[in-house]
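Data from entry-v9.pdb: PDB, C-alpha atoms, pLDDT in the B column
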```pdb
MODEL        1
ATOM      1  CA  MET A   8     -22.923 -13.785   0.792  1.00 30.00           C
ATOM      2  CA  LYS A   9     -22.241 -13.651   4.503  1.00 29.00           C
ATOM      3  CA  THR A  10     -19.514 -11.533   5.992  1.00 28.00           C
ATOM      4  CA  SER A  11     -17.629 -14.628   7.197  1.00 30.00           C
ATOM      5  CA  VAL A  12     -17.501 -15.958   3.650  1.00 32.00           C
ATOM      6  CA  LEU A  13     -16.282 -12.597   2.365  1.00 33.00           C
ATOM      7  CA  GLY A  14     -13.573 -12.717   4.999  1.00 36.00           C
ATOM      8  CA  THR A  15     -12.504 -16.161   3.791  1.00 39.00           C
ATOM      9  CA  LEU A  16     -12.398 -14.947   0.205  1.00 40.00           C
ATOM     10  CA  ALA A  17     -10.310 -11.939   1.190  1.00 44.00           C
ATOM     11  CA  ALA A  18      -7.889 -14.169   3.104  1.00 46.00           C
ATOM     12  CA  THR A  19      -7.458 -16.476   0.111  1.00 49.00           C
ATOM     13  CA  ALA A  20      -6.915 -13.470  -2.143  1.00 52.00           C
ATOM     14  CA  LEU A  21      -4.319 -12.114   0.271  1.00 53.00           C
ATOM     15  CA  LEU A  22      -2.325 -15.337   0.058  1.00 52.00           C
ATOM     16  CA  ALA A  23      -2.437 -15.345  -3.744  1.00 50.00           C
ATOM     17  CA  MET A  24      -1.644 -11.627  -3.976  1.00 48.00           C
ATOM     18  CA  THR A  25       1.406 -11.865  -1.739  1.00 48.00           C
ATOM     19  CA  ILE A  26       2.707 -14.944  -3.570  1.00 45.00           C
ATOM     20  CA  THR A  27       2.895 -12.995  -6.832  1.00 43.00           C
ATOM     21  CA  ALA A  28       3.625  -9.573  -5.349  1.00 42.00           C
ATOM     22  CA  CYS A  29       7.192 -10.502  -4.487  1.00 37.00           C
ATOM     23  CA  GLY A  30       7.911 -10.875  -8.200  1.00 38.00           C
ATOM     24  CA  GLY A  31       7.004  -7.324  -9.185  1.00 41.00           C
ATOM     25  CA  THR A  32       4.979  -6.445 -12.270  1.00 41.00           C
ATOM     26  CA  SER A  33       6.413  -6.599 -15.760  1.00 40.00           C
ATOM     27  CA  ALA A  34       6.759  -3.610 -18.036  1.00 37.00           C
ATOM     28  CA  PRO A  35       6.656  -3.997 -21.830  1.00 36.00           C
ATOM     29  CA  ALA A  36       9.957  -3.796 -23.699  1.00 35.00           C
ATOM     30  CA  THR A  37      10.148  -1.188 -26.438  1.00 35.00           C
ATOM     31  CA  GLY A  38      12.004  -0.501 -29.689  1.00 39.00           C
ATOM     32  CA  SER A  39      14.801  -2.682 -31.028  1.00 36.00           C
ATOM     33  CA  GLN A  40      15.546  -4.005 -27.557  1.00 36.00           C
ATOM     34  CA  ALA A  41      12.105  -5.655 -27.469  1.00 38.00           C
ATOM     35  CA  ALA A  42      12.779  -7.417 -30.778  1.00 39.00           C
ATOM     36  CA  THR A  43      16.354  -8.591 -30.259  1.00 40.00           C
ATOM     37  CA  GLY A  44      17.038  -8.348 -26.540  1.00 44.00           C
ATOM     38  CA  ALA A  45      19.908  -5.864 -27.133  1.00 43.00           C
ATOM     39  CA  PRO A  46      20.289  -2.300 -28.425  1.00 44.00           C
ATOM     40  CA  ALA A  47      20.562  -2.039 -32.228  1.00 44.00           C
ATOM     41  CA  ALA A  48      24.049  -1.313 -33.594  1.00 45.00           C
ATOM     42  CA  THR A  49      24.555   2.044 -35.279  1.00 47.00           C
ATOM     43  CA  THR A  50      27.385   3.841 -37.035  1.00 47.00           C
ATOM     44  CA  ALA A  51      26.146   7.287 -36.052  1.00 49.00           C
ATOM     45  CA  SER A  52      27.253   8.959 -32.878  1.00 51.00           C
ATOM     46  CA  ALA A  53      25.202   7.874 -29.888  1.00 53.00           C
ATOM     47  CA  PRO A  54      22.529  10.386 -28.921  1.00 55.00           C
ATOM     48  CA  THR A  55      22.504  11.874 -25.472  1.00 56.00           C
ATOM     49  CA  PRO A  56      20.334   9.570 -23.342  1.00 55.00           C
ATOM     50  CA  THR A  57      17.093  10.992 -22.089  1.00 55.00           C
ATOM     51  CA  PRO A  58      16.901  10.849 -18.293  1.00 54.00           C
ATOM     52  CA  THR A  59      14.241   8.476 -16.983  1.00 55.00           C
ATOM     53  CA  PRO A  60      11.547  10.511 -15.260  1.00 58.00           C
ATOM     54  CA  THR A  61      11.358   9.915 -11.524  1.00 65.00           C
ATOM     55  CA  PRO A  62       7.868   8.682 -10.559  1.00 63.00           C
ATOM     56  CA  LYS A  63       5.933  11.043  -8.357  1.00 73.00           C
ATOM     57  CA  ALA A  64       6.064  10.162  -4.671  1.00 77.00           C
ATOM     58  CA  TYR A  65       2.377   9.993  -3.813  1.00 87.00           C
ATOM     59  CA  THR A  66       1.240  10.342  -0.224  1.00 90.00           C
ATOM     60  CA  ALA A  67      -1.303   8.051   1.419  1.00 89.00           C
ATOM     61  CA  GLU A  68      -3.767  10.936   1.349  1.00 92.00           C
ATOM     62  CA  GLU A  69      -3.322  11.410  -2.414  1.00 92.00           C
ATOM     63  CA  LEU A  70      -3.789   7.702  -3.075  1.00 93.00           C
ATOM     64  CA  SER A  71      -6.861   7.649  -0.840  1.00 93.00           C
ATOM     65  CA  ALA A  72      -8.269  10.633  -2.751  1.00 93.00           C
ATOM     66  CA  VAL A  73      -7.965   8.644  -5.993  1.00 93.00           C
ATOM     67  CA  LEU A  74      -9.781   5.685  -4.444  1.00 94.00           C
ATOM     68  CA  ALA A  75     -12.537   7.977  -3.143  1.00 94.00           C
ATOM     69  CA  GLN A  76     -13.381   8.945  -6.747  1.00 94.00           C
ATOM     70  CA  LEU A  77     -13.840   5.354  -7.917  1.00 93.00           C
ATOM     71  CA  GLN A  78     -17.086   3.400  -8.163  1.00 87.00           C
ATOM     72  CA  ASP A  79     -17.889  -0.268  -8.415  1.00 83.00           C
ATOM     73  CA  SER A  80     -19.909  -1.755 -11.266  1.00 78.00           C
ATOM     74  CA  SER A  81     -23.162  -0.808  -9.509  1.00 79.00           C
ATOM     75  CA  GLY A  82     -22.188   2.851  -9.162  1.00 84.00           C
ATOM     76  CA  ARG A  83     -21.286   2.636  -5.471  1.00 85.00           C
ATOM     77  CA  LYS A  84     -18.273   4.634  -4.365  1.00 90.00           C
ATOM     78  CA  LEU A  85     -15.495   2.604  -2.829  1.00 91.00           C
ATOM     79  CA  SER A  86     -15.218   2.735   0.927  1.00 91.00           C
ATOM     80  CA  VAL A  87     -11.689   3.949   1.627  1.00 92.00           C
ATOM     81  CA  MET A  88     -10.032   2.244   4.567  1.00 87.00           C
ATOM     82  CA  ALA A  89      -8.478   4.379   7.262  1.00 81.00           C
ATOM     83  CA  SER A  90      -4.706   4.003   7.582  1.00 77.00           C
ATOM     84  CA  SER A  91      -5.081   2.395  10.999  1.00 75.00           C
ATOM     85  CA  ASP A  92      -7.624  -0.117   9.670  1.00 79.00           C
ATOM     86  CA  LEU A  93      -5.382  -0.936   6.696  1.00 77.00           C
ATOM     87  CA  ALA A  94      -2.386  -1.470   8.965  1.00 76.00           C
ATOM     88  CA  GLY A  95      -4.499  -3.710  11.194  1.00 77.00           C
ATOM     89  CA  SER A  96      -5.709  -5.750   8.210  1.00 76.00           C
ATOM     90  CA  ILE A  97      -2.147  -6.215   6.983  1.00 74.00           C
ATOM     91  CA  GLU A  98      -1.047  -7.486  10.380  1.00 75.00           C
ATOM     92  CA  GLN A  99      -4.051  -9.831  10.558  1.00 75.00           C
ATOM     93  CA  GLY A 100      -3.192 -11.109   7.090  1.00 73.00           C
ATOM     94  CA  LYS A 101       0.395 -11.796   8.126  1.00 74.00           C
ATOM     95  CA  ALA A 102      -0.828 -13.662  11.208  1.00 77.00           C
ATOM     96  CA  LEU A 103      -3.277 -15.679   9.090  1.00 76.00           C
ATOM     97  CA  ILE A 104      -0.588 -16.707   6.610  1.00 76.00           C
ATOM     98  CA  ALA A 105       1.766 -17.581   9.479  1.00 79.00           C
ATOM     99  CA  SER A 106      -0.888 -19.884  10.947  1.00 82.00           C
ATOM    100  CA  MET A 107      -1.452 -21.728   7.655  1.00 82.00           C
ATOM    101  CA  ASP A 108       0.170 -24.948   6.560  1.00 87.00           C
ATOM    102  CA  VAL A 109       0.696 -24.505   2.821  1.00 87.00           C
ATOM    103  CA  GLN A 110       2.030 -27.128   0.440  1.00 89.00           C
ATOM    104  CA  PRO A 111       4.230 -26.777  -1.575  1.00 88.00           C
ATOM    105  CA  ALA A 112       6.074 -25.083   1.284  1.00 85.00           C
ATOM    106  CA  GLU A 113       7.755 -22.548  -1.015  1.00 82.00           C
ATOM    107  CA  CYS A 114       4.348 -20.990  -1.712  1.00 81.00           C
ATOM    108  CA  LYS A 115       3.924 -20.091   1.948  1.00 77.00           C
ATOM    109  CA  GLU A 116       7.519 -18.924   2.136  1.00 68.00           C
ATOM    110  CA  MET A 117       6.947 -16.527  -0.753  1.00 63.00           C
ATOM    111  CA  ALA A 118       3.676 -15.314   0.741  1.00 62.00           C
ATOM    112  CA  ALA A 119       5.142 -14.756   4.189  1.00 57.00           C
ATOM    113  CA  SER A 120       8.466 -13.182   3.245  1.00 47.00           C
ATOM    114  CA  THR A 121       8.280 -10.463   0.604  1.00 40.00           C
ATOM    115  CA  GLY A 122       4.727  -9.308   0.009  1.00 46.00           C
ATOM    116  CA  VAL A 123       4.170  -5.589  -0.628  1.00 46.00           C
ATOM    117  CA  PRO A 124       3.013  -4.753   2.936  1.00 46.00           C
ATOM    118  CA  ALA A 125       6.350  -5.978   4.307  1.00 48.00           C
ATOM    119  CA  LEU A 126       8.458  -3.571   2.253  1.00 51.00           C
ATOM    120  CA  ASP A 127       9.902  -0.650   4.187  1.00 56.00           C
ATOM    121  CA  GLY A 128       8.874   2.793   3.008  1.00 70.00           C
ATOM    122  CA  VAL A 129       5.845   1.629   1.019  1.00 79.00           C
ATOM    123  CA  VAL A 130       2.857   3.978   1.100  1.00 85.00           C
ATOM    124  CA  MET A 131      -0.490   2.232   0.646  1.00 87.00           C
ATOM    125  CA  ALA A 132      -4.198   2.986   0.408  1.00 90.00           C
ATOM    126  CA  ALA A 133      -7.124   0.601  -0.020  1.00 90.00           C
ATOM    127  CA  GLY A 134     -10.773   0.890  -0.971  1.00 91.00           C
ATOM    128  CA  GLN A 135     -13.463  -1.751  -1.099  1.00 89.00           C
ATOM    129  CA  SER A 136     -17.079  -2.374  -1.993  1.00 89.00           C
ATOM    130  CA  LEU A 137     -19.289  -5.097  -0.506  1.00 86.00           C
ATOM    131  CA  ASP A 138     -22.602  -5.881  -2.202  1.00 82.00           C
ATOM    132  CA  ALA A 139     -24.609  -8.251   0.008  1.00 81.00           C
ATOM    133  CA  ALA A 140     -27.449  -8.542  -2.517  1.00 80.00           C
ATOM    134  CA  ALA A 141     -25.122  -9.601  -5.334  1.00 79.00           C
ATOM    135  CA  GLY A 142     -22.859 -11.570  -2.998  1.00 82.00           C
ATOM    136  CA  SER A 143     -19.794  -9.759  -4.287  1.00 84.00           C
ATOM    137  CA  MET A 144     -16.634  -8.143  -2.959  1.00 86.00           C
ATOM    138  CA  THR A 145     -14.407  -5.715  -4.877  1.00 89.00           C
ATOM    139  CA  MET A 146     -11.168  -4.208  -3.554  1.00 90.00           C
ATOM    140  CA  LEU A 147      -8.382  -2.034  -4.926  1.00 92.00           C
ATOM    141  CA  THR A 148      -5.077  -1.236  -3.254  1.00 89.00           C
ATOM    142  CA  LEU A 149      -2.548   1.337  -4.440  1.00 90.00           C
ATOM    143  CA  ALA A 150       1.078   1.173  -3.293  1.00 86.00           C
ATOM    144  CA  THR A 151       3.997   3.477  -4.012  1.00 86.00           C
ATOM    145  CA  GLY A 152       7.541   3.860  -2.698  1.00 81.00           C
ATOM    146  CA  LEU A 153       8.504   0.414  -4.023  1.00 73.00           C
ATOM    147  CA  ASP A 154      12.249  -0.202  -4.097  1.00 66.00           C
ATOM    148  CA  GLU A 155      14.119  -0.828  -7.346  1.00 65.00           C
ATOM    149  CA  ALA A 156      14.687  -4.508  -6.586  1.00 61.00           C
ATOM    150  CA  PHE A 157      10.939  -5.042  -6.300  1.00 61.00           C
ATOM    151  CA  VAL A 158      10.151  -3.192  -9.526  1.00 59.00           C
ATOM    152  CA  ALA A 159      12.887  -5.041 -11.405  1.00 58.00           C
ATOM    153  CA  GLY A 160      11.794  -8.471 -10.188  1.00 54.00           C
ATOM    154  CA  THR A 161       9.818  -9.462 -13.262  1.00 45.00           C
ATOM    155  CA  ALA A 162      11.316 -12.843 -14.123  1.00 45.00           C
ATOM    156  CA  ALA A 163       9.844 -14.705 -11.145  1.00 58.00           C
ATOM    157  CA  GLN A 164       6.172 -13.946 -11.835  1.00 66.00           C
ATOM    158  CA  GLU A 165       5.258 -16.740 -14.212  1.00 65.00           C
ATOM    159  CA  GLN A 166       7.497 -19.150 -12.334  1.00 71.00           C
ATOM    160  CA  GLN A 167       5.701 -18.347  -9.083  1.00 74.00           C
ATOM    161  CA  LEU A 168       2.275 -18.847 -10.624  1.00 77.00           C
ATOM    162  CA  ALA A 169       3.423 -22.154 -12.129  1.00 79.00           C
ATOM    163  CA  ALA A 170       5.022 -23.352  -8.887  1.00 81.00           C
ATOM    164  CA  CYS A 171       1.882 -22.522  -6.912  1.00 83.00           C
ATOM    165  CA  SER A 172      -0.729 -23.464  -9.513  1.00 87.00           C
ATOM    166  CA  ALA A 173      -1.913 -26.303  -7.254  1.00 90.00           C
ATOM    167  CA  MET A 174      -1.668 -25.963  -3.470  1.00 88.00           C
ATOM    168  CA  THR A 175      -3.229 -27.299  -0.305  1.00 89.00           C
ATOM    169  CA  MET A 176      -3.918 -24.992   2.652  1.00 86.00           C
ATOM    170  CA  THR A 177      -4.727 -26.112   6.178  1.00 86.00           C
ATOM    171  CA  VAL A 178      -6.111 -23.628   8.699  1.00 81.00           C
ATOM    172  CA  SER A 179      -7.357 -24.669  12.145  1.00 81.00           C
ATOM    173  CA  GLY A 180      -7.419 -28.303  11.060  1.00 83.00           C
ATOM    174  CA  VAL A 181      -9.451 -27.639   7.906  1.00 84.00           C
ATOM    175  CA  THR A 182      -7.728 -28.455   4.592  1.00 86.00           C
ATOM    176  CA  ALA A 183      -8.680 -27.045   1.196  1.00 87.00           C
ATOM    177  CA  ASP A 184      -7.207 -27.424  -2.282  1.00 90.00           C
ATOM    178  CA  VAL A 185      -6.300 -24.138  -4.017  1.00 88.00           C
ATOM    179  CA  THR A 186      -5.442 -23.535  -7.665  1.00 89.00           C
ATOM    180  CA  LEU A 187      -4.074 -20.443  -9.444  1.00 87.00           C
ATOM    181  CA  THR A 188      -4.973 -19.968 -13.115  1.00 89.00           C
ATOM    182  CA  PRO A 189      -3.421 -17.159 -15.222  1.00 88.00           C
ATOM    183  CA  LEU A 190      -5.906 -14.872 -16.996  1.00 89.00           C
ATOM    184  CA  ASP A 191      -5.511 -12.667 -20.065  1.00 86.00           C
ATOM    185  CA  ALA A 192      -7.138  -9.402 -21.161  1.00 82.00           C
ATOM    186  CA  VAL A 193      -7.922  -7.975 -17.724  1.00 89.00           C
ATOM    187  CA  GLY A 194      -8.004  -4.205 -18.129  1.00 88.00           C
ATOM    188  CA  THR A 195      -5.859  -2.308 -20.616  1.00 89.00           C
ATOM    189  CA  ILE A 196      -2.700  -1.425 -18.657  1.00 88.00           C
ATOM    190  CA  PRO A 197       0.363  -2.967 -20.388  1.00 88.00           C
ATOM    191  CA  GLY A 198       2.089  -5.675 -18.361  1.00 83.00           C
ATOM    192  CA  THR A 199      -0.934  -6.488 -16.169  1.00 87.00           C
ATOM    193  CA  LEU A 200      -0.620  -9.824 -14.345  1.00 85.00           C
ATOM    194  CA  ALA A 201      -3.990 -11.463 -13.644  1.00 87.00           C
ATOM    195  CA  PHE A 202      -5.083 -14.813 -12.291  1.00 88.00           C
ATOM    196  CA  ARG A 203      -8.023 -16.668 -10.743  1.00 89.00           C
ATOM    197  CA  THR A 204      -7.731 -18.322  -7.329  1.00 87.00           C
ATOM    198  CA  ASP A 205     -10.101 -21.280  -6.786  1.00 89.00           C
ATOM    199  CA  THR A 206     -10.524 -22.740  -3.309  1.00 87.00           C
ATOM    200  CA  PHE A 207     -12.188 -26.155  -3.197  1.00 88.00           C
ATOM    201  CA  LEU A 208     -13.927 -26.688   0.153  1.00 82.00           C
ATOM    202  CA  SER A 209     -14.707 -30.042   1.760  1.00 81.00           C
ATOM    203  CA  ASP A 210     -18.478 -29.531   1.340  1.00 82.00           C
ATOM    204  CA  GLY A 211     -18.090 -29.311  -2.436  1.00 86.00           C
ATOM    205  CA  GLN A 212     -18.267 -25.515  -2.703  1.00 84.00           C
ATOM    206  CA  VAL A 213     -15.750 -23.624  -4.798  1.00 86.00           C
ATOM    207  CA  GLN A 214     -14.788 -20.054  -3.913  1.00 85.00           C
ATOM    208  CA  SER A 215     -13.186 -18.070  -6.727  1.00 87.00           C
ATOM    209  CA  VAL A 216     -11.273 -14.792  -6.544  1.00 88.00           C
ATOM    210  CA  ILE A 217      -9.982 -12.704  -9.458  1.00 91.00           C
ATOM    211  CA  THR A 218      -6.743 -10.800  -8.809  1.00 87.00           C
ATOM    212  CA  ALA A 219      -4.965  -8.392 -11.160  1.00 88.00           C
ATOM    213  CA  GLN A 220      -1.810  -6.349 -10.630  1.00 86.00           C
ATOM    214  CA  ALA A 221      -0.355  -3.574 -12.754  1.00 86.00           C
ATOM    215  CA  LEU A 222       2.481  -1.092 -12.327  1.00 85.00           C
ATOM    216  CA  GLN A 223       2.189   2.425 -13.704  1.00 85.00           C
ATOM    217  CA  GLN A 224       4.057   5.624 -12.822  1.00 83.00           C
ATOM    218  CA  GLY A 225       5.687   3.897  -9.876  1.00 84.00           C
ATOM    219  CA  VAL A 226       2.328   2.875  -8.375  1.00 88.00           C
ATOM    220  CA  LEU A 227       1.388  -0.790  -7.961  1.00 87.00           C
ATOM    221  CA  PHE A 228      -2.326  -1.382  -8.520  1.00 89.00           C
ATOM    222  CA  THR A 229      -3.841  -4.586  -7.082  1.00 87.00           C
ATOM    223  CA  ALA A 230      -7.508  -5.243  -7.789  1.00 90.00           C
ATOM    224  CA  VAL A 231      -9.471  -8.153  -6.331  1.00 89.00           C
ATOM    225  CA  ALA A 232     -13.026  -9.250  -7.165  1.00 90.00           C
ATOM    226  CA  ALA A 233     -15.071 -12.170  -5.834  1.00 87.00           C
ATOM    227  CA  GLY A 234     -18.668 -13.324  -6.106  1.00 85.00           C
ATOM    228  CA  GLY A 235     -21.221 -11.653  -8.343  1.00 84.00           C
ATOM    229  CA  GLU A 236     -22.950 -12.902 -11.463  1.00 82.00           C
ATOM    230  CA  SER A 237     -20.113 -14.768 -13.188  1.00 87.00           C
ATOM    231  CA  GLU A 238     -16.390 -14.986 -13.686  1.00 88.00           C
ATOM    232  CA  ALA A 239     -16.626 -12.712 -16.733  1.00 89.00           C
ATOM    233  CA  GLU A 240     -18.420 -10.086 -14.649  1.00 89.00           C
ATOM    234  CA  ALA A 241     -15.789 -10.318 -11.889  1.00 90.00           C
ATOM    235  CA  VAL A 242     -12.998  -9.984 -14.457  1.00 91.00           C
ATOM    236  CA  ALA A 243     -14.737  -6.934 -15.915  1.00 91.00           C
ATOM    237  CA  ARG A 244     -15.036  -5.356 -12.451  1.00 90.00           C
ATOM    238  CA  THR A 245     -11.356  -5.938 -11.795  1.00 91.00           C
ATOM    239  CA  GLY A 246     -10.191  -4.502 -15.106  1.00 92.00           C
ATOM    240  CA  ALA A 247     -12.488  -1.484 -14.856  1.00 92.00           C
ATOM    241  CA  LEU A 248     -11.070  -0.561 -11.435  1.00 92.00           C
ATOM    242  CA  LEU A 249      -7.491  -0.806 -12.677  1.00 92.00           C
ATOM    243  CA  ASP A 250      -8.193   1.339 -15.734  1.00 92.00           C
ATOM    244  CA  SER A 251     -10.190   3.938 -13.801  1.00 93.00           C
ATOM    245  CA  ALA A 252      -7.527   4.348 -11.137  1.00 93.00           C
ATOM    246  CA  ALA A 253      -4.728   4.541 -13.709  1.00 92.00           C
ATOM    247  CA  ALA A 254      -6.599   7.262 -15.613  1.00 92.00           C
ATOM    248  CA  LEU A 255      -6.828   9.380 -12.472  1.00 91.00           C
ATOM    249  CA  LEU A 256      -3.079   9.143 -11.855  1.00 83.00           C
ATOM    250  CA  LYS A 257      -2.128  10.395 -15.334  1.00 67.00           C
TER     251      LYS A 257
ENDMDL
END
```
Structure translated into structure tokens:
Amino acid sequence: MKTSVLGTLAATALLAMTITACGGTSAPATGSQAATGAPAATTASAPTPTPTPTPKAYTAEELSAVLAQLQDSSGRKLSVMASSDLAGSIEQGKALIASMDVQPAECKEMAASTGVPALDGVVMAAGQSLDAAAGSMTMLTLATGLDEAFVAGTAAQEQQLAACSAMTMTVSGVTADVTLTPLDAVGTIPGTLAFRTDTFLSDGQVQSVITAQALQQGVLFTAVAAGGESEAEAVARTGALLDSAAALLK
């Protein structure tokens, strides 16, 4: 796969990632509240509530150190992006989305307004692996310092995927149809949101990207995989990266 194609895949993934990122990532409900939606009544005196632990505030260097320990499915270590390169890529991504005509319009509005990179105080690190022989791209970003409103925004996720399940994107006069399809069983982190982005090009080619997001210990994990042997293999790559990174942050 040529670099230009990988760049196109990454751009499509960026649009899909930012569309869903503004909804946060859901956390599983527990105990009686999960079953009934409200605390169970009791005649005994209420126990003293246990304070919710404050997630550790990781630095960019600590997140980068986690990424540096990870490998792709072929045993290659991820290439960790320098902070300046990551900042430059984020700005390029914003400019790319701004230049797109996306229909329905609300999908572009969501992508352009409240994606993770736009949040003040967010600390990020990114690592990637490009395999020219296999024609594959794998990327993982870690973000911390997310505000409470972002973390609590769980209700909009499925609605956003449904609203943007079928889109058209026009860039530099070229129009492509894009679909988002929810996926299950990607990795083992509870509350993981995963989906496949398919871009249908005018020459009949279809470019597919697997994206998965999970929130653990105050860190948002976003894994992206494209190309390779099959969709199942790309899903496996994505889930393995999420699980490996989460294990290192325990």
Query - Interatomic distance (Å, one decimal) between CA of Ser136 (chain A) and CA of Ser86 (chain A) - result: 6.2 Å
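Residue nearest Gln135 (chain A) within the list A:Arg244, A:Arg203, A:Lys63, A:Lys84: A:Lys84 [criterion: smallest interatomic distance, only C-alpha atoms].
Among the candidate residues A:Gly235, A:Gly211, A:Gly134, A:Gly100, the one lying nearest to Asp184 (chain A) is A:Gly211, with distances computed using all atoms listed in the file.
The smallest atom-to-atom distance between Leu137 (chain A) and any of A:Gln166, A:Ser80, A:Gln110, A:Thr151, using only C-alpha atoms, is found for A:Ser80.
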Using only C-alpha atoms, which protein or nucleic acid residues come within 8 Å of Gln223 (chain A)? Drop anything in the same chain fewer than 4 positions from it, and give the result as an mmCIF file with C-alpha atoms, keeping the file's coordinate frame.
```
data_model
loop_
_atom_site.group_PDB
_atom_site.id
_atom_site.type_symbol
_atom_site.label_atom_id
_atom_site.label_comp_id
_atom_site.auth_asym_id
_atom_site.auth_seq_id
_atom_site.Cartn_x
_atom_site.Cartn_y
_atom_site.Cartn_z
ATOM 1 C CA ILE A 196 -2.700 -1.425 -18.657
ATOM 2 C CA LEU A 227 1.388 -0.790 -7.961
ATOM 3 C CA PHE A 228 -2.326 -1.382 -8.520
ATOM 4 C CA ALA A 253 -4.728 4.541 -13.709
#
```
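CA of Ser172 (chain A) sits 7.9 Å away from CA of Val185 (chain A).
Of the listed residues A:Thr218, A:Thr186, A:Thr148, A:Ser71, the one whose atoms come nearest to Ala241 (chain A) is A:Thr218, with distances taken using only C-alpha atoms.
CA of Thr175 (chain A) sits 18.0 Å away from CA of Pro189 (chain A).
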Requested in this report: Can you turn the PyMOL selection byres ((chain A and resi 231) around 6) into a concrete residue list for this file, as a VMD selection string?
Outcome: chain A and resid 145 to 146 217 to 218 230 232
Requested in this report: Could you tell me which residues the PyMOL selection byres ((chain A and resi 209) around 10) returns for this structure, as a ChimeraX atom specification?
Outcome: /A:181-184,206-208,210-213
Listed atoms of region 245-251 of chain A boxed along x, y and z, 8 Å each side, centre and edge lengths in Å, one decimal, as lines of an AutoDock Vina configuration file:
```
center_x = -10.0
center_y = -1.0
center_z = -13.6
size_x = 21.0
size_y = 25.9
size_z = 20.3
```
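Using the PyMOL selection byres ((chain A and resi 243) around 10) on the file at hand returns these residues: A:Ser80, A:Ala192, A:Val193, A:Gly194, A:Ile217, A:Ala232, A:Ser237, A:Glu238, A:Ala239, A:Glu240, A:Ala241, A:Val242, A:Arg244, A:Thr245, A:Gly246, A:Ala247, A:Leu248.
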Query raised in the report: How would you write as number ranges by chain the residues that get within 12 Å of (-12.9, 10.6, -5.9) in the file's frame, counting only C-alpha atoms?
Result: A: 68-78, 83-87, 134, 251-252, 255-256
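Of the listed residues A:Leu222, A:Gly180, A:Lys115, A:Ala139, the one whose atoms come nearest to Lys101 (chain A) is A:Lys115, with distances taken using all atoms listed in the file.
Shortest atom-to-atom contact with Thr199 (chain A) among A:Ala233, A:Leu249, A:Met176, A:Ala64: A:Leu249, counting only C-alpha atoms.
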